[in-house]
Amino acid sequence: MTKTIFAANWKMNHGPADARGFLDRFLDGYRQESGREVWFFPPAVSIQSVTQRVARLPGILVGAQNVYWEPKGAFTGELSVSMAKDAGARAVLVGHSERRHVFGETDDDTGRKVRAVLDAAMTPLLCVGETLSERDNAKTLAVIHRQLAALDGLDSESLAQIVVAYEPVWAIGTGKNATPADAGTVHAAIHHWFEERGVAGGSVPVLYGGSVKPENAQELLSEDEIDGVLVGGASLEPKSWQAICAVGLD
Ligand code: PGA
């Protein structure tokens with residue numbers, strides 16, 4: 001892994017006008033650095049505003065927070081992969097814990113979404129992570145492996161296009177983050193899972209997510225197995241997102 005990915009998951013925040021205002025403030029003072037990428041996952045209605053604003057800026061990519069796997073048809077309220085792509089998205093969050101736990105998305109659904117995103121030559125950012133009770137019952141790795149099994153059947157070339165985010169559910173929006181060492185163990189297991197399936201060591205980036213803030217990002221990113229961060233709350237305010245994206249720079 002050579003690049004570090006800083007991904008902002010805005011969830012249900014920042015409509016088109018807010019998104020433009022955010023970017024004006026964020027980009028004022030932002031400098032592109034080699035080996036670093038900044039990814040934005042705005043709500044679907046804001047994808048175009050964001051892509052238009054960052055169109056000529058290298059190292060910045062825009063993604064969708066969710067898609068449906070069917071190409072078109074009678075699926076009220078859903079967004080197809082090609083619509084997201086047409087709006088400028090190049091990546092898609094798949095299986096975020098809020099999709100799984102609030103909206104009942106299953107491992108099977110995440111598998112279909114990953115395939116639809118890959119078929120469109122876009123990058124799936126697959127989110128995995130255990131709940132607090134699963135963690136307390138020492139089931140963390142079993143849960144991660146069950147969630148990764150949604151990728152079974154994909155060849156190594158397809159697997160190599162995926163990015164994973166490890167987001168322990170108990171750490172999302174709670175202010176409690178996994179320690180770098182704890183996260184490192186899970187990240188190592190995820191890297192190993194891909195290696196066992198023929199993907200060259202470490203070439204699938206594994207991001208950490210869950211209460212990442214300017215104060216803890218440095219420590220998390222100094223852990224070897226952590227290839228980037230997926231940030232919710234602390235990505236909503238331009239200054240705090242700038243501070244996270246600048247971690248490790250002089
Ligand atoms: P958080 O959210 O940074 O607010 O904990 C992370 C996420 O849900 O992706």
# chains A, B, ... in the order shown; residues from 1 in each chain; ligands from 1

$ closest_atom_pairs --of "chain A" --to "ligand 1" --cutoff "9 Å" --atoms "only C-alpha atoms and all ligand atoms" --output "JSON lines"
{"residue": "A:Ala7", "atom": "CA", "partner": "ligand 1", "partner_atom_place_in_ligand_line": "9 (O)", "distance": 8.6}
{"residue": "A:Ala8", "atom": "CA", "partner": "ligand 1", "partner_atom_place_in_ligand_line": "9 (O)", "distance": 7.6}
{"residue": "A:Asn9", "atom": "CA", "partner": "ligand 1", "partner_atom_place_in_ligand_line": "9 (O)", "distance": 5.5}
{"residue": "A:Trp10", "atom": "CA", "partner": "ligand 1", "partner_atom_place_in_ligand_line": "9 (O)", "distance": 8.2}
{"residue": "A:Lys11", "atom": "CA", "partner": "ligand 1", "partner_atom_place_in_ligand_line": "8 (O)", "distance": 7.7}
{"residue": "A:His96", "atom": "CA", "partner": "ligand 1", "partner_atom_place_in_ligand_line": "8 (O)", "distance": 7.0}
{"residue": "A:Ser97", "atom": "CA", "partner": "ligand 1", "partner_atom_place_in_ligand_line": "8 (O)", "distance": 7.1}
{"residue": "A:Glu98", "atom": "CA", "partner": "ligand 1", "partner_atom_place_in_ligand_line": "8 (O)", "distance": 7.4}
{"residue": "A:Cys127", "atom": "CA", "partner": "ligand 1", "partner_atom_place_in_ligand_line": "9 (O)", "distance": 8.4}
{"residue": "A:Ala165", "atom": "CA", "partner": "ligand 1", "partner_atom_place_in_ligand_line": "9 (O)", "distance": 8.4}
{"residue": "A:Glu167", "atom": "CA", "partner": "ligand 1", "partner_atom_place_in_ligand_line": "7 (C)", "distance": 7.0}
{"residue": "A:Val169", "atom": "CA", "partner": "ligand 1", "partner_atom_place_in_ligand_line": "8 (O)", "distance": 8.2}
{"residue": "A:Trp170", "atom": "CA", "partner": "ligand 1", "partner_atom_place_in_ligand_line": "5 (O)", "distance": 8.9}
{"residue": "A:Ala171", "atom": "CA", "partner": "ligand 1", "partner_atom_place_in_ligand_line": "5 (O)", "distance": 6.0}
{"residue": "A:Ile172", "atom": "CA", "partner": "ligand 1", "partner_atom_place_in_ligand_line": "5 (O)", "distance": 3.4}
{"residue": "A:Gly173", "atom": "CA", "partner": "ligand 1", "partner_atom_place_in_ligand_line": "5 (O)", "distance": 3.6}
{"residue": "A:Thr174", "atom": "CA", "partner": "ligand 1", "partner_atom_place_in_ligand_line": "5 (O)", "distance": 6.3}
{"residue": "A:Gly175", "atom": "CA", "partner": "ligand 1", "partner_atom_place_in_ligand_line": "5 (O)", "distance": 6.9}
{"residue": "A:Lys176", "atom": "CA", "partner": "ligand 1", "partner_atom_place_in_ligand_line": "5 (O)", "distance": 8.3}
{"residue": "A:Asn177", "atom": "CA", "partner": "ligand 1", "partner_atom_place_in_ligand_line": "5 (O)", "distance": 8.0}
{"residue": "A:Tyr208", "atom": "CA", "partner": "ligand 1", "partner_atom_place_in_ligand_line": "6 (C)", "distance": 8.8}
{"residue": "A:Gly209", "atom": "CA", "partner": "ligand 1", "partner_atom_place_in_ligand_line": "6 (C)", "distance": 5.1}
{"residue": "A:Gly210", "atom": "CA", "partner": "ligand 1", "partner_atom_place_in_ligand_line": "5 (O)", "distance": 3.8}
{"residue": "A:Ser211", "atom": "CA", "partner": "ligand 1", "partner_atom_place_in_ligand_line": "5 (O)", "distance": 3.6}
{"residue": "A:Val212", "atom": "CA", "partner": "ligand 1", "partner_atom_place_in_ligand_line": "3 (O)", "distance": 5.1}
{"residue": "A:Lys213", "atom": "CA", "partner": "ligand 1", "partner_atom_place_in_ligand_line": "3 (O)", "distance": 7.3}
{"residue": "A:Val229", "atom": "CA", "partner": "ligand 1", "partner_atom_place_in_ligand_line": "9 (O)", "distance": 8.8}
{"residue": "A:Leu230", "atom": "CA", "partner": "ligand 1", "partner_atom_place_in_ligand_line": "9 (O)", "distance": 5.3}
{"residue": "A:Val231", "atom": "CA", "partner": "ligand 1", "partner_atom_place_in_ligand_line": "3 (O)", "distance": 4.0}
{"residue": "A:Gly232", "atom": "CA", "partner": "ligand 1", "partner_atom_place_in_ligand_line": "3 (O)", "distance": 3.5}
{"residue": "A:Gly233", "atom": "CA", "partner": "ligand 1", "partner_atom_place_in_ligand_line": "4 (O)", "distance": 3.8}
{"residue": "A:Ala234", "atom": "CA", "partner": "ligand 1", "partner_atom_place_in_ligand_line": "3 (O)", "distance": 6.0}
{"residue": "A:Ser235", "atom": "CA", "partner": "ligand 1", "partner_atom_place_in_ligand_line": "3 (O)", "distance": 7.5}

$ select_by_dssp --residues "region 182-241 of chain A" --states "alpha helix (DSSP H)" --output "MDAnalysis selection string"
chainID A and resid 182:196 214:221 238:241

$ write_last_selection --atoms "N, CA and C atoms" --output "CSV table (one decimal), in the first residue's frame"
chain,number,residue,atom,x,y,z
A,182,ASP,N,-5.7,-2.7,18.6
A,182,ASP,CA,-6.9,-3.5,18.3
A,182,ASP,C,-7.3,-3.5,16.9
A,183,ALA,N,-7.4,-2.3,16.3
A,183,ALA,CA,-7.8,-2.2,14.9
A,183,ALA,C,-6.8,-2.9,14.1
A,184,GLY,N,-5.5,-2.7,14.4
A,184,GLY,CA,-4.4,-3.3,13.6
A,184,GLY,C,-4.6,-4.8,13.5
A,185,THR,N,-5.0,-5.5,14.6
A,185,THR,CA,-5.2,-6.9,14.5
A,185,THR,C,-6.3,-7.3,13.5
A,186,VAL,N,-7.4,-6.5,13.5
A,186,VAL,CA,-8.5,-6.8,12.6
A,186,VAL,C,-8.1,-6.5,11.2
A,187,HIS,N,-7.4,-5.4,11.0
A,187,HIS,CA,-6.9,-5.0,9.7
A,187,HIS,C,-6.0,-6.1,9.1
A,188,ALA,N,-5.1,-6.6,10.0
A,188,ALA,CA,-4.2,-7.6,9.5
A,188,ALA,C,-5.0,-8.9,9.0
A,189,ALA,N,-6.0,-9.2,9.8
A,189,ALA,CA,-6.9,-10.4,9.4
A,189,ALA,C,-7.5,-10.1,8.0
A,190,ILE,N,-8.0,-8.9,7.8
A,190,ILE,CA,-8.6,-8.5,6.5
A,190,ILE,C,-7.6,-8.6,5.4
A,191,HIS,N,-6.4,-8.0,5.6
A,191,HIS,CA,-5.4,-8.1,4.6
A,191,HIS,C,-5.0,-9.6,4.3
A,192,HIS,N,-5.0,-10.4,5.3
A,192,HIS,CA,-4.6,-11.8,5.1
A,192,HIS,C,-5.7,-12.5,4.3
A,193,TRP,N,-7.0,-12.2,4.6
A,193,TRP,CA,-8.1,-12.8,3.9
A,193,TRP,C,-7.9,-12.5,2.4
A,194,PHE,N,-7.5,-11.3,2.0
A,194,PHE,CA,-7.4,-11.0,0.5
A,194,PHE,C,-6.1,-11.8,0.0
A,195,GLU,N,-5.1,-11.8,0.8
A,195,GLU,CA,-3.9,-12.5,0.3
A,195,GLU,C,-4.1,-14.0,0.1
A,196,GLU,N,-4.9,-14.6,1.0
A,196,GLU,CA,-5.3,-16.0,0.8
A,196,GLU,C,-6.0,-16.2,-0.5
A,214,PRO,N,-9.6,14.8,14.7
A,214,PRO,CA,-8.2,15.3,14.5
A,214,PRO,C,-7.3,14.9,15.6
A,215,GLU,N,-7.9,14.7,16.8
A,215,GLU,CA,-7.0,14.3,18.0
A,215,GLU,C,-6.5,12.8,18.0
A,216,ASN,N,-7.2,11.9,17.3
A,216,ASN,CA,-6.8,10.5,17.3
A,216,ASN,C,-6.3,10.0,16.0
A,217,ALA,N,-6.5,10.8,14.9
A,217,ALA,CA,-6.2,10.3,13.6
A,217,ALA,C,-4.7,10.0,13.4
A,218,GLN,N,-3.8,10.8,13.9
A,218,GLN,CA,-2.4,10.6,13.8
A,218,GLN,C,-2.0,9.2,14.4
A,219,GLU,N,-2.5,8.9,15.6
A,219,GLU,CA,-2.1,7.7,16.3
A,219,GLU,C,-2.7,6.5,15.5
A,220,LEU,N,-3.9,6.6,15.0
A,220,LEU,CA,-4.5,5.5,14.2
A,220,LEU,C,-3.7,5.3,12.9
A,221,LEU,N,-3.4,6.4,12.2
A,221,LEU,CA,-2.7,6.2,10.9
A,221,LEU,C,-1.3,5.8,11.1
A,238,PRO,N,-15.4,21.9,7.8
A,238,PRO,CA,-14.2,22.0,7.0
A,238,PRO,C,-12.9,22.0,7.7
A,239,LYS,N,-12.9,22.7,8.9
A,239,LYS,CA,-11.6,22.8,9.6
A,239,LYS,C,-11.2,21.5,10.2
A,240,SER,N,-12.1,20.8,10.7
A,240,SER,CA,-11.7,19.5,11.4
A,240,SER,C,-11.4,18.5,10.3
A,241,TRP,N,-12.1,18.6,9.1
A,241,TRP,CA,-11.7,17.6,8.0
A,241,TRP,C,-10.4,18.0,7.4

$ residues_around --residues "region 51-57 of chain A" --least-positions-apart "5" --cutoff "8 Å" --atoms "only C-alpha atoms" --output "list in words"
Arg20, Leu23, Val62, Ala87, Gly88 and Ala89 of chain A

$ residues_around --residues "Cys245 (chain A)" --least-positions-apart "6" --cutoff "9 Å" --atoms "only C-alpha atoms" --output "PyMOL selection string"
chain A and resi 5-6+30+36-38+214

$ residues_around --residues "region 102-112 of chain A" --least-positions-apart "5" --cutoff "9 Å" --atoms "only C-alpha atoms" --output "short mmCIF file (atom, residue, chain, number, x, y, z; two decimals) with N, CA and C atoms, in the first residue's frame"
data_model
loop_
_atom_site.label_atom_id
_atom_site.label_comp_id
_atom_site.auth_asym_id
_atom_site.auth_seq_id
_atom_site.Cartn_x
_atom_site.Cartn_y
_atom_site.Cartn_z
N TYR A 68 -28.53 0.67 -5.58
CA TYR A 68 -29.27 -0.58 -5.73
C TYR A 68 -28.64 -1.34 -6.89
N TRP A 69 -28.70 -2.67 -6.85
CA TRP A 69 -27.95 -3.43 -7.85
C TRP A 69 -28.65 -3.55 -9.20
N VAL A 94 -20.55 0.46 0.48
CA VAL A 94 -21.44 -0.71 0.48
C VAL A 94 -21.41 -1.32 1.88
N GLY A 95 -22.58 -1.62 2.40
CA GLY A 95 -22.66 -2.33 3.67
C GLY A 95 -22.28 -1.50 4.88
N HIS A 96 -22.47 -0.18 4.79
CA HIS A 96 -22.21 0.63 5.99
C HIS A 96 -23.09 0.12 7.13
N SER A 97 -22.62 0.22 8.35
CA SER A 97 -23.37 -0.37 9.46
C SER A 97 -24.77 0.23 9.59
N VAL A 117 -21.30 -2.67 -8.55
CA VAL A 117 -20.34 -1.56 -8.58
C VAL A 117 -19.10 -1.96 -9.40
N LEU A 126 -16.28 -1.44 0.83
CA LEU A 126 -17.09 -2.36 1.63
C LEU A 126 -16.81 -2.15 3.12
N ARG A 146 -17.60 -13.48 8.13
CA ARG A 146 -18.94 -13.70 7.57
C ARG A 146 -19.30 -12.56 6.60
N GLN A 147 -18.96 -11.34 6.98
CA GLN A 147 -19.27 -10.20 6.11
C GLN A 147 -18.42 -10.23 4.83
N LEU A 148 -17.15 -10.66 4.97
CA LEU A 148 -16.29 -10.74 3.77
C LEU A 148 -16.74 -11.86 2.84
N ALA A 149 -17.42 -12.85 3.40
CA ALA A 149 -17.88 -13.97 2.57
C ALA A 149 -18.86 -13.51 1.49
N ALA A 150 -19.39 -12.30 1.63
CA ALA A 150 -20.24 -11.73 0.56
C ALA A 150 -19.44 -11.59 -0.73
N LEU A 151 -18.11 -11.65 -0.63
CA LEU A 151 -17.26 -11.49 -1.81
C LEU A 151 -16.88 -12.84 -2.42
N ASP A 152 -17.34 -13.94 -1.79
CA ASP A 152 -16.98 -15.27 -2.30
C ASP A 152 -17.38 -15.40 -3.76
#

$ closest_residue --among "A:His101, A:Lys139, A:Arg31, A:Arg197" --to "Ser156 (chain A)" --atoms "only C-alpha atoms"
A:Arg197

$ closest_residue --among "A:Val164, A:Ala19, A:Ala200, A:Leu79" --to "Leu125 (chain A)" --atoms "only C-alpha atoms"
A:Val164

$ closest_residue --among "A:Pro42, A:Pro180, A:Gly201, A:Pro124" --to "Phe22 (chain A)" --atoms "only C-alpha atoms"
A:Pro42

$ select_by_dssp --residues "region 64-224 of chain A" --states "strand (DSSP E or B)" --output "number ranges by chain"
A: 64, 68, 80, 91-94, 123-128, 163-166, 206-209

$ atom_distance --atom1 "CA of Ile144 (chain A)" --atom2 "CA of Gly202 (chain A)"
17.2 Å

$ residues_around --residues "Ala64 (chain A)" --least-positions-apart "5" --cutoff "8 Å" --atoms "only C-alpha atoms" --output "list in words"
Phe41, Pro42, Pro43, Ala44, Ile47, Ala84, Ala89, Arg90, Ala91, Val92 and Leu93 of chain A

$ decode --residues "region 163-175 of chain A" --atoms "all heavy atoms" --output "PDB file, in the first residue's frame"
ATOM      1  N   VAL A 163     -11.964  -1.742  -1.872  1.00  0.00           N
ATOM      2  CA  VAL A 163     -11.387  -1.108  -0.686  1.00  0.00           C
ATOM      3  C   VAL A 163     -12.294  -1.504   0.472  1.00  0.00           C
ATOM      4  O   VAL A 163     -13.516  -1.611   0.301  1.00  0.00           O
ATOM      5  CB  VAL A 163     -11.343   0.435  -0.844  1.00  0.00           C
ATOM      6  CG1 VAL A 163     -10.860   1.118   0.426  1.00  0.00           C
ATOM      7  CG2 VAL A 163     -10.434   0.815  -2.018  1.00  0.00           C
ATOM      8  N   VAL A 164     -11.704  -1.779   1.632  1.00  0.00           N
ATOM      9  CA  VAL A 164     -12.489  -2.199   2.797  1.00  0.00           C
ATOM     10  C   VAL A 164     -12.367  -1.145   3.886  1.00  0.00           C
ATOM     11  O   VAL A 164     -11.316  -0.499   4.020  1.00  0.00           O
ATOM     12  CB  VAL A 164     -11.986  -3.567   3.328  1.00  0.00           C
ATOM     13  CG1 VAL A 164     -12.732  -3.978   4.598  1.00  0.00           C
ATOM     14  CG2 VAL A 164     -12.152  -4.657   2.269  1.00  0.00           C
ATOM     15  N   ALA A 165     -13.448  -0.946   4.635  1.00  0.00           N
ATOM     16  CA  ALA A 165     -13.346  -0.116   5.845  1.00  0.00           C
ATOM     17  C   ALA A 165     -13.750  -0.990   7.030  1.00  0.00           C
ATOM     18  O   ALA A 165     -14.826  -1.596   7.013  1.00  0.00           O
ATOM     19  CB  ALA A 165     -14.255   1.099   5.756  1.00  0.00           C
ATOM     20  N   TYR A 166     -12.878  -1.069   8.022  1.00  0.00           N
ATOM     21  CA  TYR A 166     -13.241  -1.736   9.276  1.00  0.00           C
ATOM     22  C   TYR A 166     -13.822  -0.675  10.193  1.00  0.00           C
ATOM     23  O   TYR A 166     -13.124   0.267  10.592  1.00  0.00           O
ATOM     24  CB  TYR A 166     -12.020  -2.403   9.914  1.00  0.00           C
ATOM     25  CG  TYR A 166     -12.298  -2.851  11.333  1.00  0.00           C
ATOM     26  CD1 TYR A 166     -13.398  -3.674  11.619  1.00  0.00           C
ATOM     27  CD2 TYR A 166     -11.495  -2.441  12.395  1.00  0.00           C
ATOM     28  CE1 TYR A 166     -13.692  -4.061  12.915  1.00  0.00           C
ATOM     29  CE2 TYR A 166     -11.774  -2.835  13.694  1.00  0.00           C
ATOM     30  CZ  TYR A 166     -12.870  -3.640  13.934  1.00  0.00           C
ATOM     31  OH  TYR A 166     -13.167  -4.030  15.238  1.00  0.00           O
ATOM     32  N   GLU A 167     -15.108  -0.818  10.490  1.00  0.00           N
ATOM     33  CA  GLU A 167     -15.784   0.148  11.359  1.00  0.00           C
ATOM     34  C   GLU A 167     -16.524  -0.607  12.455  1.00  0.00           C
ATOM     35  O   GLU A 167     -17.649  -1.090  12.239  1.00  0.00           O
ATOM     36  CB  GLU A 167     -16.797   0.961  10.553  1.00  0.00           C
ATOM     37  CG  GLU A 167     -16.184   1.773   9.445  1.00  0.00           C
ATOM     38  CD  GLU A 167     -17.067   2.958   9.064  1.00  0.00           C
ATOM     39  OE1 GLU A 167     -18.226   2.738   8.689  1.00  0.00           O
ATOM     40  OE2 GLU A 167     -16.600   4.081   9.187  1.00  0.00           O
ATOM     41  N   PRO A 168     -15.894  -0.757  13.625  1.00  0.00           N
ATOM     42  CA  PRO A 168     -16.607  -1.418  14.719  1.00  0.00           C
ATOM     43  C   PRO A 168     -17.878  -0.628  15.030  1.00  0.00           C
ATOM     44  O   PRO A 168     -17.812   0.594  15.206  1.00  0.00           O
ATOM     45  CB  PRO A 168     -15.619  -1.370  15.886  1.00  0.00           C
ATOM     46  CG  PRO A 168     -14.419  -0.620  15.434  1.00  0.00           C
ATOM     47  CD  PRO A 168     -14.571  -0.246  13.998  1.00  0.00           C
ATOM     48  N   VAL A 169     -19.012  -1.311  15.062  1.00  0.00           N
ATOM     49  CA  VAL A 169     -20.296  -0.605  15.203  1.00  0.00           C
ATOM     50  C   VAL A 169     -20.329   0.209  16.495  1.00  0.00           C
ATOM     51  O   VAL A 169     -20.839   1.329  16.532  1.00  0.00           O
ATOM     52  CB  VAL A 169     -21.471  -1.621  15.159  1.00  0.00           C
ATOM     53  CG1 VAL A 169     -22.804  -0.914  15.324  1.00  0.00           C
ATOM     54  CG2 VAL A 169     -21.449  -2.397  13.842  1.00  0.00           C
ATOM     55  N   TRP A 170     -19.716  -0.328  17.552  1.00  0.00           N
ATOM     56  CA  TRP A 170     -19.724   0.346  18.853  1.00  0.00           C
ATOM     57  C   TRP A 170     -18.886   1.618  18.855  1.00  0.00           C
ATOM     58  O   TRP A 170     -18.963   2.413  19.791  1.00  0.00           O
ATOM     59  CB  TRP A 170     -19.231  -0.616  19.948  1.00  0.00           C
ATOM     60  CG  TRP A 170     -17.931  -1.289  19.591  1.00  0.00           C
ATOM     61  CD1 TRP A 170     -17.801  -2.489  18.950  1.00  0.00           C
ATOM     62  CD2 TRP A 170     -16.603  -0.805  19.811  1.00  0.00           C
ATOM     63  NE1 TRP A 170     -16.475  -2.773  18.745  1.00  0.00           N
ATOM     64  CE2 TRP A 170     -15.719  -1.768  19.277  1.00  0.00           C
ATOM     65  CE3 TRP A 170     -16.075   0.333  20.409  1.00  0.00           C
ATOM     66  CZ2 TRP A 170     -14.334  -1.613  19.316  1.00  0.00           C
ATOM     67  CZ3 TRP A 170     -14.690   0.493  20.455  1.00  0.00           C
ATOM     68  CH2 TRP A 170     -13.844  -0.481  19.911  1.00  0.00           C
ATOM     69  N   ALA A 171     -18.111   1.824  17.808  1.00  0.00           N
ATOM     70  CA  ALA A 171     -17.248   3.018  17.757  1.00  0.00           C
ATOM     71  C   ALA A 171     -17.830   4.107  16.869  1.00  0.00           C
ATOM     72  O   ALA A 171     -17.306   5.218  16.836  1.00  0.00           O
ATOM     73  CB  ALA A 171     -15.857   2.626  17.240  1.00  0.00           C
ATOM     74  N   ILE A 172     -18.908   3.809  16.142  1.00  0.00           N
ATOM     75  CA  ILE A 172     -19.428   4.779  15.177  1.00  0.00           C
ATOM     76  C   ILE A 172     -20.297   5.817  15.879  1.00  0.00           C
ATOM     77  O   ILE A 172     -21.316   5.479  16.487  1.00  0.00           O
ATOM     78  CB  ILE A 172     -20.218   4.073  14.052  1.00  0.00           C
ATOM     79  CG1 ILE A 172     -19.261   3.189  13.244  1.00  0.00           C
ATOM     80  CG2 ILE A 172     -20.903   5.100  13.151  1.00  0.00           C
ATOM     81  CD1 ILE A 172     -19.921   2.404  12.149  1.00  0.00           C
ATOM     82  N   GLY A 173     -19.853   7.055  15.814  1.00  0.00           N
ATOM     83  CA  GLY A 173     -20.624   8.162  16.372  1.00  0.00           C
ATOM     84  C   GLY A 173     -20.728   8.153  17.887  1.00  0.00           C
ATOM     85  O   GLY A 173     -21.547   8.854  18.463  1.00  0.00           O
ATOM     86  N   THR A 174     -19.889   7.358  18.552  1.00  0.00           N
ATOM     87  CA  THR A 174     -19.998   7.221  20.004  1.00  0.00           C
ATOM     88  C   THR A 174     -18.883   7.940  20.751  1.00  0.00           C
ATOM     89  O   THR A 174     -18.934   8.055  21.972  1.00  0.00           O
ATOM     90  CB  THR A 174     -19.900   5.736  20.407  1.00  0.00           C
ATOM     91  OG1 THR A 174     -18.651   5.231  19.915  1.00  0.00           O
ATOM     92  CG2 THR A 174     -21.046   4.928  19.823  1.00  0.00           C
ATOM     93  N   GLY A 175     -17.856   8.370  20.016  1.00  0.00           N
ATOM     94  CA  GLY A 175     -16.704   8.973  20.680  1.00  0.00           C
ATOM     95  C   GLY A 175     -15.709   7.931  21.168  1.00  0.00           C
ATOM     96  O   GLY A 175     -14.634   8.263  21.653  1.00  0.00           O
TER      97      GLY A 175
END
